[in-house]
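Student: After the structure tokens below, expect a handful of questions from me.
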Amino acid sequence: MKKILRQGNISKKWVAHCFTCDTEFEYESEDLHYNQYVHRSCVSCPICGGEIVHYGDSNYSNISTEKL
């Protein structure tokens, strides 16, 4: 039986650009959902709710959120 003693920081972050409202935002794997119309994983824009297709590990975030 596996027991987690300490969870490491393994979450990946990506940057997306919404073409509807021109918002750029950062998201993690837990923000993804499956879109049955495009048959891909997508993320919703936090401003307008537009769907942005997630293309895997190509665009890792280089935005530091420590200053926010």
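We label chains A, B, ... in the order they appear in the structure tokens, count residues from 1 in each chain, and number ligands from 1 in the order shown.
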List the neighbours of Val38 in chain A out to 12 Å using only C-alpha atoms; skip same-chain residues closer than 5 positions along the sequence, and give me the result as a list in words.
Tutor: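 Everything that qualifies: His33, Glu51, Ile52, Val53 and His54 of chain A.
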Student: Among range 24-61 of chain A, which residues carry a DSSP assignment of strand (DSSP E or B), reported as a list in words?
Tutor: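 Those residues are Glu24, Phe25, Glu26, Tyr27, Glu28, His33, Tyr34, Asn35, Arg40, Ser41, Cys42, Val43, Ser44, Glu51, Ile52, Val53 and Tyr60 of chain A.
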Student: Could you take the residues named above and write them with C-alpha atoms, as a short mmCIF file (atom, residue, chain, number, x, y, z; two decimals), in the first residue's frame?
Tutor:
```cif
data_model
loop_
_atom_site.label_atom_id
_atom_site.label_comp_id
_atom_site.auth_asym_id
_atom_site.auth_seq_id
_atom_site.Cartn_x
_atom_site.Cartn_y
_atom_site.Cartn_z
CA GLU A 24 -3.27 36.21 -21.01
CA PHE A 25 -3.42 33.95 -17.96
CA GLU A 26 -1.62 31.11 -16.24
CA TYR A 27 -3.26 27.76 -15.54
CA GLU A 28 -2.43 24.35 -14.09
CA HIS A 33 -11.38 19.77 -18.79
CA TYR A 34 -12.30 17.64 -21.80
CA ASN A 35 -14.23 19.39 -24.55
CA ARG A 40 -9.22 17.76 -26.76
CA SER A 41 -8.38 19.04 -23.30
CA CYS A 42 -9.29 22.71 -22.88
CA VAL A 43 -9.12 25.49 -20.33
CA SER A 44 -11.72 28.23 -19.90
CA GLU A 51 -12.48 27.79 -24.58
CA ILE A 52 -8.75 27.52 -25.28
CA VAL A 53 -7.32 24.20 -26.49
CA TYR A 60 5.42 26.10 -19.82
#
```
Student: Quick one, how far is CA of Cys45 in chain A from CA of His17 in chain A?
Tutor: 8.5 Å
Student: Looking at A:Trp14, A:Met1, A:Gly50, A:Phe19, which one is nearest to Asp31 in chain A, with distances taken over only C-alpha atoms?
Tutor: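 Counting only C-alpha atoms, the residue closest to Asp31 in chain A is A:Trp14.
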